[in-house]
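Trainee: I am sharing data02.cif, which consists of mmCIF, C-alpha atoms:
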data_entry
#
loop_
_atom_site.group_PDB
_atom_site.id
_atom_site.type_symbol
_atom_site.label_atom_id
_atom_site.label_comp_id
_atom_site.auth_asym_id
_atom_site.auth_seq_id
_atom_site.Cartn_x
_atom_site.Cartn_y
_atom_site.Cartn_z
ATOM 1 C CA MET A 1 95.204 -236.576 157.533
ATOM 2 C CA SER A 2 96.965 -238.629 160.219
ATOM 3 C CA ILE A 3 96.086 -240.438 163.411
ATOM 4 C CA LEU A 4 98.593 -240.232 166.255
ATOM 5 C CA VAL A 5 98.930 -243.593 168.029
ATOM 6 C CA THR A 6 100.940 -243.431 171.242
ATOM 7 C CA GLY A 7 102.516 -246.705 172.338
ATOM 8 C CA GLY A 8 102.151 -247.704 168.697
ATOM 9 C CA ALA A 9 104.911 -250.333 168.778
ATOM 10 C CA GLY A 10 103.447 -252.143 171.777
ATOM 11 C CA PHE A 11 101.037 -255.054 171.882
ATOM 12 C CA ILE A 12 97.667 -253.382 171.268
ATOM 13 C CA GLY A 13 99.173 -250.312 169.636
ATOM 14 C CA SER A 14 100.964 -252.208 166.895
ATOM 15 C CA HIS A 15 97.804 -254.112 165.989
ATOM 16 C CA LEU A 16 95.932 -250.813 165.751
ATOM 17 C CA VAL A 17 98.672 -249.291 163.581
ATOM 18 C CA ASP A 18 98.526 -252.336 161.285
ATOM 19 C CA ARG A 19 94.743 -252.029 160.956
ATOM 20 C CA LEU A 20 94.811 -248.306 160.238
ATOM 21 C CA ALA A 21 97.593 -248.612 157.669
ATOM 22 C CA ALA A 22 95.865 -251.544 155.952
ATOM 23 C CA ARG A 23 92.767 -249.476 155.360
ATOM 24 C CA GLY A 24 94.713 -246.563 153.907
ATOM 25 C CA GLU A 25 95.098 -244.257 156.907
ATOM 26 C CA SER A 26 98.253 -242.253 157.541
ATOM 27 C CA VAL A 27 99.591 -243.008 161.013
ATOM 28 C CA LEU A 28 102.001 -241.159 163.260
ATOM 29 C CA CYS A 29 103.369 -243.784 165.648
ATOM 30 C CA LEU A 30 104.949 -242.584 168.897
ATOM 31 C CA ASP A 31 106.859 -245.047 171.078
ATOM 32 C CA ASN A 32 109.803 -244.717 173.456
ATOM 33 C CA PHE A 33 110.917 -248.389 173.169
ATOM 34 C CA ASP A 34 111.532 -248.617 176.899
ATOM 35 C CA ASP A 35 113.048 -251.716 178.466
ATOM 36 C CA PHE A 36 109.953 -252.945 180.358
ATOM 37 C CA TYR A 37 110.335 -255.765 177.872
ATOM 38 C CA SER A 38 112.675 -256.172 174.902
ATOM 39 C CA PRO A 39 112.713 -253.107 172.618
ATOM 40 C CA ALA A 40 113.676 -255.483 169.789
ATOM 41 C CA VAL A 41 110.290 -257.196 170.148
ATOM 42 C CA LYS A 42 108.511 -253.866 169.774
ATOM 43 C CA ARG A 43 110.575 -252.968 166.717
ATOM 44 C CA GLU A 44 109.534 -256.260 165.152
ATOM 45 C CA ASN A 45 105.903 -255.502 166.055
ATOM 46 C CA ILE A 46 105.938 -252.318 163.992
ATOM 47 C CA SER A 47 108.228 -253.442 161.158
ATOM 48 C CA GLY A 48 105.482 -254.599 158.811
ATOM 49 C CA ALA A 49 103.473 -251.398 159.176
ATOM 50 C CA LEU A 50 106.545 -249.279 158.481
ATOM 51 C CA ARG A 51 107.034 -251.066 155.177
ATOM 52 C CA THR A 52 103.607 -249.892 153.972
ATOM 53 C CA GLY A 53 104.846 -246.331 153.641
ATOM 54 C CA ARG A 54 101.779 -245.089 155.529
ATOM 55 C CA VAL A 55 103.369 -245.055 158.987
ATOM 56 C CA GLU A 56 105.813 -242.521 160.351
ATOM 57 C CA LEU A 57 107.674 -243.626 163.484
ATOM 58 C CA VAL A 58 108.664 -241.067 166.106
ATOM 59 C CA GLU A 59 110.876 -242.357 168.904
ATOM 60 C CA GLY A 60 110.005 -240.338 171.972
ATOM 61 C CA ASP A 61 108.245 -240.206 175.308
ATOM 62 C CA ILE A 62 104.791 -238.953 176.309
ATOM 63 C CA CYS A 63 106.506 -237.507 179.397
ATOM 64 C CA ASP A 64 108.176 -235.007 177.041
ATOM 65 C CA ALA A 65 105.569 -232.235 176.985
ATOM 66 C CA ALA A 66 107.353 -230.293 174.236
ATOM 67 C CA LEU A 67 107.360 -233.348 171.973
ATOM 68 C CA CYS A 68 103.652 -233.988 172.587
ATOM 69 C CA ASP A 69 102.911 -230.378 171.737
ATOM 70 C CA ALA A 70 105.015 -230.499 168.575
ATOM 71 C CA LEU A 71 103.288 -233.656 167.334
ATOM 72 C CA LEU A 72 99.779 -232.280 167.936
ATOM 73 C CA ALA A 73 100.818 -228.990 166.316
ATOM 74 C CA ARG A 74 101.140 -230.779 162.982
ATOM 75 C CA ASP A 75 98.270 -229.731 160.763
ATOM 76 C CA ASP A 76 97.715 -233.256 159.448
ATOM 77 C CA VAL A 77 96.934 -234.868 162.831
ATOM 78 C CA ARG A 78 93.151 -235.248 163.155
ATOM 79 C CA ALA A 79 92.822 -237.773 166.000
ATOM 80 C CA VAL A 80 94.749 -239.342 168.893
ATOM 81 C CA ALA A 81 94.648 -242.935 170.081
ATOM 82 C CA HIS A 82 96.512 -242.729 173.375
ATOM 83 C CA LEU A 83 97.624 -246.270 174.269
ATOM 84 C CA ALA A 84 101.070 -245.548 175.731
ATOM 85 C CA ALA A 85 101.295 -246.375 179.423
ATOM 86 C CA ARG A 86 103.368 -248.033 182.059
ATOM 87 C CA ALA A 87 101.508 -251.344 182.349
ATOM 88 C CA GLY A 88 101.169 -254.077 184.949
ATOM 89 C CA VAL A 89 99.585 -254.314 188.384
ATOM 90 C CA ARG A 90 102.456 -255.884 190.343
ATOM 91 C CA PRO A 91 105.245 -253.671 188.927
ATOM 92 C CA SER A 92 103.123 -250.632 189.804
ATOM 93 C CA ILE A 93 103.159 -251.676 193.461
ATOM 94 C CA GLU A 94 106.964 -251.727 193.345
ATOM 95 C CA ASP A 95 107.316 -248.282 191.716
ATOM 96 C CA PRO A 96 104.111 -246.226 192.036
ATOM 97 C CA ALA A 97 105.866 -242.916 191.376
ATOM 98 C CA LEU A 98 106.983 -244.078 187.938
ATOM 99 C CA TYR A 99 103.433 -245.141 187.092
ATOM 100 C CA GLU A 100 102.063 -241.793 188.220
ATOM 101 C CA ARG A 101 104.594 -239.903 186.120
ATOM 102 C CA VAL A 102 104.052 -241.863 182.904
ATOM 103 C CA ASN A 103 100.346 -242.643 183.114
ATOM 104 C CA CYS A 104 99.115 -239.398 184.667
ATOM 105 C CA GLN A 105 101.598 -236.712 183.656
ATOM 106 C CA GLY A 106 102.061 -238.261 180.209
ATOM 107 C CA THR A 107 98.306 -238.231 179.649
ATOM 108 C CA ILE A 108 98.060 -234.607 180.807
ATOM 109 C CA ASN A 109 100.831 -233.654 178.370
ATOM 110 C CA LEU A 110 98.814 -235.087 175.491
ATOM 111 C CA LEU A 111 95.536 -233.560 176.673
ATOM 112 C CA GLU A 112 97.188 -230.150 176.990
ATOM 113 C CA ALA A 113 98.569 -230.434 173.463
ATOM 114 C CA ALA A 114 95.206 -231.658 172.167
ATOM 115 C CA ARG A 115 93.082 -228.901 173.727
ATOM 116 C CA LYS A 116 95.161 -226.261 171.916
ATOM 117 C CA ARG A 117 94.080 -227.874 168.623
ATOM 118 C CA ARG A 118 90.453 -228.426 169.573
ATOM 119 C CA ALA A 119 89.273 -226.697 166.387
ATOM 120 C CA ARG A 120 90.588 -229.463 164.140
ATOM 121 C CA LEU A 121 90.957 -232.477 166.448
ATOM 122 C CA GLU A 122 88.131 -234.929 165.812
ATOM 123 C CA LYS A 123 88.731 -237.416 168.614
ATOM 124 C CA PHE A 124 90.907 -238.313 171.598
ATOM 125 C CA ILE A 125 90.832 -241.996 172.545
ATOM 126 C CA PHE A 126 92.170 -242.950 175.971
ATOM 127 C CA GLY A 127 93.137 -246.568 176.569
ATOM 128 C CA SER A 128 91.879 -247.351 180.065
ATOM 129 C CA SER A 129 91.582 -250.654 181.906
ATOM 130 C CA SER A 130 89.119 -252.964 183.624
ATOM 131 C CA SER A 131 91.373 -252.649 186.677
ATOM 132 C CA VAL A 132 89.541 -249.424 187.580
ATOM 133 C CA TYR A 133 86.604 -251.523 188.843
ATOM 134 C CA GLY A 134 88.675 -252.933 191.714
ATOM 135 C CA VAL A 135 87.074 -255.670 193.811
ATOM 136 C CA SER A 136 83.426 -255.483 192.823
ATOM 137 C CA ASP A 137 80.500 -257.785 193.483
ATOM 138 C CA ARG A 138 78.473 -256.098 190.728
ATOM 139 C CA ILE A 139 78.679 -258.647 187.934
ATOM 140 C CA PRO A 140 79.082 -257.940 185.058
ATOM 141 C CA PHE A 141 80.939 -254.628 185.366
ATOM 142 C CA SER A 142 78.969 -251.691 183.976
ATOM 143 C CA GLU A 143 80.373 -248.289 183.069
ATOM 144 C CA ASP A 144 77.884 -246.795 185.539
ATOM 145 C CA ASP A 145 79.312 -248.758 188.492
ATOM 146 C CA PRO A 146 81.237 -246.826 191.172
ATOM 147 C CA VAL A 147 84.991 -246.955 190.574
ATOM 148 C CA SER A 148 86.310 -245.092 193.602
ATOM 149 C CA GLU A 149 88.272 -247.934 195.223
ATOM 150 C CA PRO A 150 91.162 -249.117 193.004
ATOM 151 C CA ILE A 151 93.465 -251.688 194.604
ATOM 152 C CA SER A 152 96.746 -251.044 192.763
ATOM 153 C CA PRO A 153 98.711 -247.955 191.710
ATOM 154 C CA TYR A 154 98.234 -248.999 188.071
ATOM 155 C CA ALA A 155 94.443 -249.018 188.490
ATOM 156 C CA ALA A 156 94.569 -245.665 190.282
ATOM 157 C CA THR A 157 96.537 -244.074 187.443
ATOM 158 C CA LYS A 158 94.089 -245.382 184.847
ATOM 159 C CA ARG A 159 91.127 -243.986 186.780
ATOM 160 C CA ALA A 160 93.006 -240.701 187.174
ATOM 161 C CA GLY A 161 93.523 -240.646 183.405
ATOM 162 C CA GLU A 162 89.781 -241.025 182.871
ATOM 163 C CA LEU A 163 89.087 -238.175 185.295
ATOM 164 C CA PHE A 164 91.553 -235.874 183.558
ATOM 165 C CA CYS A 165 89.927 -236.762 180.243
ATOM 166 C CA HIS A 166 86.554 -235.714 181.642
ATOM 167 C CA VAL A 167 88.024 -232.445 182.929
ATOM 168 C CA TYR A 168 89.427 -231.598 179.488
ATOM 169 C CA HIS A 169 86.135 -232.434 177.843
ATOM 170 C CA HIS A 170 84.223 -230.314 180.347
ATOM 171 C CA LEU A 171 86.546 -227.293 180.190
ATOM 172 C CA TYR A 172 87.481 -227.307 176.521
ATOM 173 C CA GLY A 173 84.887 -229.418 174.716
ATOM 174 C CA LEU A 174 87.497 -231.960 173.663
ATOM 175 C CA PRO A 175 85.722 -235.032 172.199
ATOM 176 C CA ILE A 176 87.000 -238.001 174.211
ATOM 177 C CA VAL A 177 86.247 -241.710 174.474
ATOM 178 C CA CYS A 178 87.765 -243.706 177.354
ATOM 179 C CA LEU A 179 87.876 -247.400 176.453
ATOM 180 C CA ARG A 180 88.207 -249.867 179.333
ATOM 181 C CA PHE A 181 90.106 -252.884 177.998
ATOM 182 C CA PHE A 182 89.501 -256.276 179.603
ATOM 183 C CA THR A 183 92.519 -258.672 179.754
ATOM 184 C CA VAL A 184 93.681 -258.417 176.155
ATOM 185 C CA TYR A 185 95.579 -261.369 174.639
ATOM 186 C CA GLY A 186 96.734 -262.603 171.260
ATOM 187 C CA PRO A 187 99.810 -262.417 169.007
ATOM 188 C CA ARG A 188 102.465 -259.965 170.274
ATOM 189 C CA GLN A 189 101.124 -260.152 173.824
ATOM 190 C CA ARG A 190 103.632 -258.862 176.366
ATOM 191 C CA PRO A 191 105.826 -261.683 177.715
ATOM 192 C CA ASP A 192 104.923 -260.891 181.344
ATOM 193 C CA LEU A 193 101.184 -261.479 180.835
ATOM 194 C CA ALA A 194 99.625 -264.754 181.939
ATOM 195 C CA ILE A 195 98.859 -266.480 178.634
ATOM 196 C CA HIS A 196 102.259 -265.706 177.122
ATOM 197 C CA LYS A 197 104.081 -266.572 180.339
ATOM 198 C CA PHE A 198 102.174 -269.849 180.783
ATOM 199 C CA ALA A 199 102.751 -270.871 177.152
ATOM 200 C CA ARG A 200 106.480 -270.284 177.533
ATOM 201 C CA LEU A 201 106.598 -272.396 180.696
ATOM 202 C CA ILE A 202 104.490 -275.230 179.242
ATOM 203 C CA GLU A 203 106.675 -275.349 176.131
ATOM 204 C CA ALA A 204 109.805 -275.548 178.295
ATOM 205 C CA GLY A 205 108.318 -278.186 180.609
ATOM 206 C CA GLU A 206 108.598 -275.870 183.597
ATOM 207 C CA PRO A 207 106.018 -275.418 186.382
ATOM 208 C CA VAL A 208 103.106 -273.087 185.692
ATOM 209 C CA PRO A 209 102.122 -270.966 188.722
ATOM 210 C CA MET A 210 98.452 -271.177 189.615
ATOM 211 C CA TYR A 211 97.596 -268.315 191.923
ATOM 212 C CA GLY A 212 95.375 -269.173 194.863
ATOM 213 C CA ASP A 213 92.893 -271.973 194.160
ATOM 214 C CA GLY A 214 92.682 -271.187 190.431
ATOM 215 C CA ALA A 215 89.119 -269.894 190.745
ATOM 216 C CA SER A 216 89.872 -266.286 189.782
ATOM 217 C CA ARG A 217 88.231 -265.332 186.494
ATOM 218 C CA ARG A 218 89.225 -262.946 183.724
ATOM 219 C CA ASP A 219 87.316 -261.619 180.740
ATOM 220 C CA TYR A 220 90.005 -262.556 178.192
ATOM 221 C CA THR A 221 89.535 -260.469 175.038
ATOM 222 C CA TYR A 222 91.277 -261.159 171.740
ATOM 223 C CA CYS A 223 93.335 -258.278 170.366
ATOM 224 C CA ASP A 224 91.454 -258.051 167.050
ATOM 225 C CA ASP A 225 88.193 -257.514 168.921
ATOM 226 C CA ILE A 226 89.795 -254.697 170.905
ATOM 227 C CA VAL A 227 91.059 -253.069 167.698
ATOM 228 C CA ASP A 228 87.548 -253.329 166.252
ATOM 229 C CA GLY A 229 86.315 -251.295 169.213
ATOM 230 C CA ILE A 230 89.076 -248.681 168.971
ATOM 231 C CA THR A 231 88.574 -248.097 165.243
ATOM 232 C CA ALA A 232 84.805 -247.822 165.714
ATOM 233 C CA ALA A 233 85.353 -245.226 168.445
ATOM 234 C CA LEU A 234 87.655 -243.265 166.131
ATOM 235 C CA GLU A 235 85.046 -243.254 163.363
ATOM 236 C CA ARG A 236 81.907 -242.244 165.285
ATOM 237 C CA PRO A 237 80.964 -238.851 166.682
ATOM 238 C CA PHE A 238 81.106 -238.602 170.478
ATOM 239 C CA GLU A 239 81.304 -235.845 173.049
ATOM 240 C CA PHE A 240 82.457 -237.863 176.077
ATOM 241 C CA GLU A 241 81.972 -241.568 176.699
ATOM 242 C CA ILE A 242 83.401 -244.360 178.816
ATOM 243 C CA ILE A 243 82.955 -247.750 177.140
ATOM 244 C CA ASN A 244 83.909 -251.299 178.161
ATOM 245 C CA LEU A 245 85.641 -253.479 175.570
ATOM 246 C CA GLY A 246 85.632 -257.126 176.639
ATOM 247 C CA SER A 247 84.424 -260.516 175.534
ATOM 248 C CA ALA A 248 81.663 -260.807 178.182
ATOM 249 C CA ALA A 249 82.738 -264.415 178.772
ATOM 250 C CA PRO A 250 85.038 -264.714 181.811
ATOM 251 C CA VAL A 251 87.231 -267.810 182.143
ATOM 252 C CA GLY A 252 88.618 -269.255 185.384
ATOM 253 C CA LEU A 253 92.385 -269.485 185.804
ATOM 254 C CA ARG A 254 92.261 -273.269 186.210
ATOM 255 C CA ASP A 255 90.162 -273.542 183.028
ATOM 256 C CA LEU A 256 92.459 -271.195 181.137
ATOM 257 C CA ILE A 257 95.457 -273.413 181.857
ATOM 258 C CA GLY A 258 93.478 -276.419 180.616
ATOM 259 C CA LEU A 259 92.501 -274.618 177.402
ATOM 260 C CA LEU A 260 96.111 -273.592 176.832
ATOM 261 C CA GLU A 261 97.218 -277.210 177.356
ATOM 262 C CA GLU A 262 94.665 -278.236 174.731
ATOM 263 C CA ALA A 263 95.850 -275.572 172.262
ATOM 264 C CA MET A 264 99.511 -276.531 172.736
ATOM 265 C CA GLY A 265 99.023 -280.281 172.881
ATOM 266 C CA ARG A 266 101.083 -280.422 176.079
ATOM 267 C CA GLN A 267 100.320 -280.920 179.745
ATOM 268 C CA ALA A 268 101.224 -278.264 182.278
ATOM 269 C CA ALA A 269 102.963 -278.988 185.558
ATOM 270 C CA ILE A 270 100.954 -276.896 188.020
ATOM 271 C CA GLU A 271 102.631 -275.115 190.932
ATOM 272 C CA ARG A 272 100.283 -273.697 193.554
ATOM 273 C CA VAL A 273 101.357 -270.219 194.683
ATOM 274 C CA PRO A 274 99.715 -267.545 196.874
ATOM 275 C CA GLU A 275 97.395 -264.967 195.357
ATOM 276 C CA GLN A 276 99.198 -261.828 194.218
ATOM 277 C CA PRO A 277 98.751 -258.390 195.826
ATOM 278 C CA GLY A 278 96.621 -256.091 193.690
ATOM 279 C CA ASP A 279 94.879 -258.915 191.804
ATOM 280 C CA VAL A 280 91.082 -258.917 191.663
ATOM 281 C CA PRO A 281 88.983 -262.104 191.909
ATOM 282 C CA VAL A 282 87.012 -261.502 188.703
ATOM 283 C CA THR A 283 86.675 -259.214 185.694
ATOM 284 C CA TYR A 284 83.546 -259.408 183.582
ATOM 285 C CA ALA A 285 82.506 -256.756 181.066
ATOM 286 C CA ASP A 286 78.990 -255.591 180.449
ATOM 287 C CA ILE A 287 79.383 -254.721 176.742
ATOM 288 C CA SER A 288 75.846 -253.511 176.091
ATOM 289 C CA ARG A 289 77.030 -249.908 175.723
ATOM 290 C CA ALA A 290 79.753 -250.962 173.266
ATOM 291 C CA ARG A 291 77.199 -252.928 171.257
ATOM 292 C CA ARG A 292 74.856 -249.938 171.152
ATOM 293 C CA LEU A 293 77.358 -247.164 170.470
ATOM 294 C CA LEU A 294 80.058 -248.973 168.481
ATOM 295 C CA ASP A 295 78.223 -251.954 166.958
ATOM 296 C CA TYR A 296 80.845 -253.911 168.874
ATOM 297 C CA SER A 297 80.536 -257.683 168.684
ATOM 298 C CA PRO A 298 83.519 -259.768 169.847
ATOM 299 C CA SER A 299 84.078 -262.579 167.366
ATOM 300 C CA PHE A 300 86.952 -264.597 168.874
ATOM 301 C CA PRO A 301 85.909 -267.143 171.518
ATOM 302 C CA ILE A 302 88.712 -268.205 173.828
ATOM 303 C CA ARG A 303 89.545 -271.481 172.069
ATOM 304 C CA GLN A 304 89.917 -269.781 168.698
ATOM 305 C CA GLY A 305 91.929 -266.921 170.160
ATOM 306 C CA LEU A 306 94.289 -269.248 172.015
ATOM 307 C CA ALA A 307 94.854 -271.292 168.868
ATOM 308 C CA LYS A 308 95.888 -268.136 166.994
ATOM 309 C CA PHE A 309 98.114 -267.080 169.870
ATOM 310 C CA VAL A 310 99.860 -270.470 170.027
ATOM 311 C CA GLU A 311 100.420 -270.405 166.268
ATOM 312 C CA TRP A 312 102.112 -267.005 166.580
ATOM 313 C CA PHE A 313 104.009 -268.030 169.730
ATOM 314 C CA ARG A 314 105.600 -271.044 168.085
ATOM 315 C CA ALA A 315 106.381 -269.186 164.882
ATOM 316 C CA ASN A 316 108.229 -266.524 166.891
ATOM 317 C CA ALA A 317 109.842 -268.633 169.593
#
Here is a file; write its structure as structure tokens.
Mentor:
Amino acid sequence: MSILVTGGAGFIGSHLVDRLAARGESVLCLDNFDDFYSPAVKRENISGALRTGRVELVEGDICDAALCDALLARDDVRAVAHLAARAGVRPSIEDPALYERVNCQGTINLLEAARKRRARLEKFIFGSSSSVYGVSDRIPFSEDDPVSEPISPYAATKRAGELFCHVYHHLYGLPIVCLRFFTVYGPRQRPDLAIHKFARLIEAGEPVPMYGDGASRRDYTYCDDIVDGITAALERPFEFEIINLGSAAPVGLRDLIGLLEEAMGRQAAIERVPEQPGDVPVTYADISRARRLLDYSPSFPIRQGLAKFVEWFRANA
């Protein structure tokens, strides 16, 4: 039996594919290798898993409803880990229609294909985001908090995806887990994300932008911890759940830059820049539900995770 992983050549997706293949699972990896960042990077991400012989790569798009239906029609597919999405807060402000098409319509295409195979489909995992919490003064963020005021198109599409997931569970009994990821980092991180971008600038001796006063905080979560949560959600029986996956240890932007300087053994030249539209002041996961339902226990503190990222970064520069 196979697990369909959408976005399987991306950052989180490729780590999940590696984990599943390493433990003997058959994986159907769907990715469209778009040019949001270098397709060559994504092909390198998935190259090791392909060599195991347990991974089948399908190059295609979740916006192709016929393709989604054909993949879910395969008798060997028993679960879906839907991680494909158009990512990024600021790019979503520039092109909200694209984000709606990929993140909403693409998700509906997969849900439609999945509900037709409800009799044999064990699980549908939806990769959501901490961005759905918006600007909240309820700290830490709990899954029971109101999430009706997103502040970016990206966040709105992720919340819409969760709502569609609930609709398909309610109407068709599809077993679904929505996992809200909190600021994932580690090897293979997208080059546009803060830690990767800052490391590249520090290494080159170029100024590192510090947004606002540097007091904004993020719940940076190492990729292996996220994959632990996804695999646990795939393994356990659920009807419908929304679960935070974070580290529950937010770090300020100013402190993050200092920790990255320490990990790289180099000093950053700081450039003060205005806060960015769509950014939230803090993300902080309440992971009590993940601990209870998934036995989730993040094991990579920020210093250890940054050290592993820097090791990968320099090996792949």
Trainee: Using the chain letters and numbering of this document, enumerate as a compact mmCIF listing (two decimals) with C-alpha atoms, in the coordinates of the input the residues selected by the PyMOL selection byres ((chain A and resi 27-42) around 6).
Mentor:
# COMPACT_ATOMS: atom_id res chain seq x y z
CA SER A 2 96.96 -238.63 160.22
CA ILE A 3 96.09 -240.44 163.41
CA LEU A 4 98.59 -240.23 166.26
CA VAL A 5 98.93 -243.59 168.03
CA THR A 6 100.94 -243.43 171.24
CA GLY A 7 102.52 -246.70 172.34
CA GLY A 8 102.15 -247.70 168.70
CA ALA A 9 104.91 -250.33 168.78
CA GLY A 10 103.45 -252.14 171.78
CA SER A 26 98.25 -242.25 157.54
CA ARG A 43 110.58 -252.97 166.72
CA GLU A 44 109.53 -256.26 165.15
CA ASN A 45 105.90 -255.50 166.06
CA VAL A 55 103.37 -245.06 158.99
CA GLU A 56 105.81 -242.52 160.35
CA LEU A 57 107.67 -243.63 163.48
CA VAL A 58 108.66 -241.07 166.11
CA GLU A 59 110.88 -242.36 168.90
CA GLY A 60 110.00 -240.34 171.97
CA ASP A 61 108.24 -240.21 175.31
Trainee: When distances are computed from only C-alpha atoms, which of A:Gly212, A:Gly229, A:Pro207, A:Gly265 shows the smallest separation from Leu253 (chain A)?
Mentor: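 Under the stated criterion, the closest residue is A:Gly212.
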Trainee: Report, in Å to a single decimal, how far apart CA of Phe182 (chain A) and CA of Leu256 (chain A) are.
Mentor: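 So the two atoms, CA of Leu256 (chain A) and CA of Phe182 (chain A), lie 15.3 Å apart.
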Trainee: Care to translate the PyMOL selection byres ((chain A and resi 134) around 12) into actual residues of this file, as a ChimeraX atom specification?
Mentor: /A:89,129-133,135-138,141,145-156,158-159,278-284
Trainee: Would you mind reading off the distance between CA of Leu245 (chain A) and CA of Phe181 (chain A), one decimal, in Å?
Mentor: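 Rounded to one decimal, the two atoms are 5.1 Å apart.
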Trainee: What is the CA of Ile125 (chain A)-CA of Gly246 (chain A) distance in Å, reported with one decimal?
Mentor: 16.5 Å
Trainee: From the set A:Cys178, A:Ala73, A:Cys223, A:Ala160, which residue has the shortest atom-to-atom contact distance to Glu100 (chain A), counting all atoms listed in the file?
Mentor: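 When distances to Glu100 (chain A) are compared using all atoms listed in the file, the smallest one comes from A:Ala160.
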Trainee: Between A:Gln105, A:Ser47, A:Ser14, A:Thr183, which has the minimum distance to Ile302 (chain A) (counting only C-alpha atoms)?
Mentor: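 When distances to Ile302 (chain A) are compared using only C-alpha atoms, the smallest one comes from A:Thr183.
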Trainee: Using only C-alpha atoms, pick whichever of A:Ala249, A:Leu260, A:Ala84, A:Leu111 has the shortest atom-to-atom distance to Ala199 (chain A).
Mentor: A:Leu260
Trainee: Nearest to Arg118 (chain A) among A:Arg289, A:His196, A:Arg54, A:Arg78, with distances taken over all atoms listed in the file: which residue is it?
Mentor: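 Selected residue with least distance to Arg118 (chain A): A:Arg78.
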Trainee: Give the centre and edge lengths of an axis-aligned box, in Å to one decimal, that holds all listed atoms of region 231-249 of chain A with 4 Å on each side, as lines of an AutoDock Vina configuration file.
Mentor:
center_x = 84.8
center_y = -250.1
center_z = 171.1
size_x = 15.6
size_y = 36.6
size_z = 23.5
Trainee: Applied to the shown file, which residues does the PyMOL selection byres ((chain A and resi 85) around 8) return, written as a list in words?
Mentor: Gly7, Leu83, Ala84, Arg86, Ala87, Val102 and Asn103 of chain A
Trainee: Just the selected residues (C-alpha atoms), exported as a CSV table (one decimal), keeping the file's coordinate frame, please.
Mentor:
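Here's the written file part-v7.csv:
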chain,number,residue,atom,x,y,z
A,7,GLY,CA,102.5,-246.7,172.3
A,83,LEU,CA,97.6,-246.3,174.3
A,84,ALA,CA,101.1,-245.5,175.7
A,86,ARG,CA,103.4,-248.0,182.1
A,87,ALA,CA,101.5,-251.3,182.3
A,102,VAL,CA,104.1,-241.9,182.9
A,103,ASN,CA,100.3,-242.6,183.1
Trainee: Between A:Ile176, A:Ile139, A:Met210, A:Val273, which residue has the minimum interatomic distance to Pro250 (chain A), considering all atoms listed in the file?
Mentor: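 For Pro250 (chain A), the nearest of the candidates is A:Ile139.
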Trainee: Pull C-alpha atoms for region 258-276 of chain A from the block and write them as an mmCIF file, in the first residue's frame.
Mentor:
data_model
loop_
_atom_site.group_PDB
_atom_site.id
_atom_site.type_symbol
_atom_site.label_atom_id
_atom_site.label_comp_id
_atom_site.auth_asym_id
_atom_site.auth_seq_id
_atom_site.Cartn_x
_atom_site.Cartn_y
_atom_site.Cartn_z
ATOM 1 C CA GLY A 258 22.626 36.173 17.403
ATOM 2 C CA LEU A 259 22.170 32.393 17.565
ATOM 3 C CA LEU A 260 22.820 32.113 13.835
ATOM 4 C CA GLU A 261 25.993 34.202 14.236
ATOM 5 C CA GLU A 262 27.087 31.785 16.960
ATOM 6 C CA ALA A 263 26.346 28.720 14.803
ATOM 7 C CA MET A 264 28.217 30.172 11.814
ATOM 8 C CA GLY A 265 31.106 31.689 13.730
ATOM 9 C CA ARG A 266 30.565 34.994 11.922
ATOM 10 C CA GLN A 267 29.136 38.364 12.857
ATOM 11 C CA ALA A 268 26.150 39.767 11.011
ATOM 12 C CA ALA A 269 25.947 43.319 9.727
ATOM 13 C CA ILE A 270 22.445 44.365 10.783
ATOM 14 C CA GLU A 271 20.293 46.590 8.573
ATOM 15 C CA ARG A 272 17.165 47.985 10.207
ATOM 16 C CA VAL A 273 14.159 47.828 7.869
ATOM 17 C CA PRO A 274 10.416 48.465 8.357
ATOM 18 C CA GLU A 275 8.115 45.673 9.469
ATOM 19 C CA GLN A 276 6.621 43.731 6.571
#
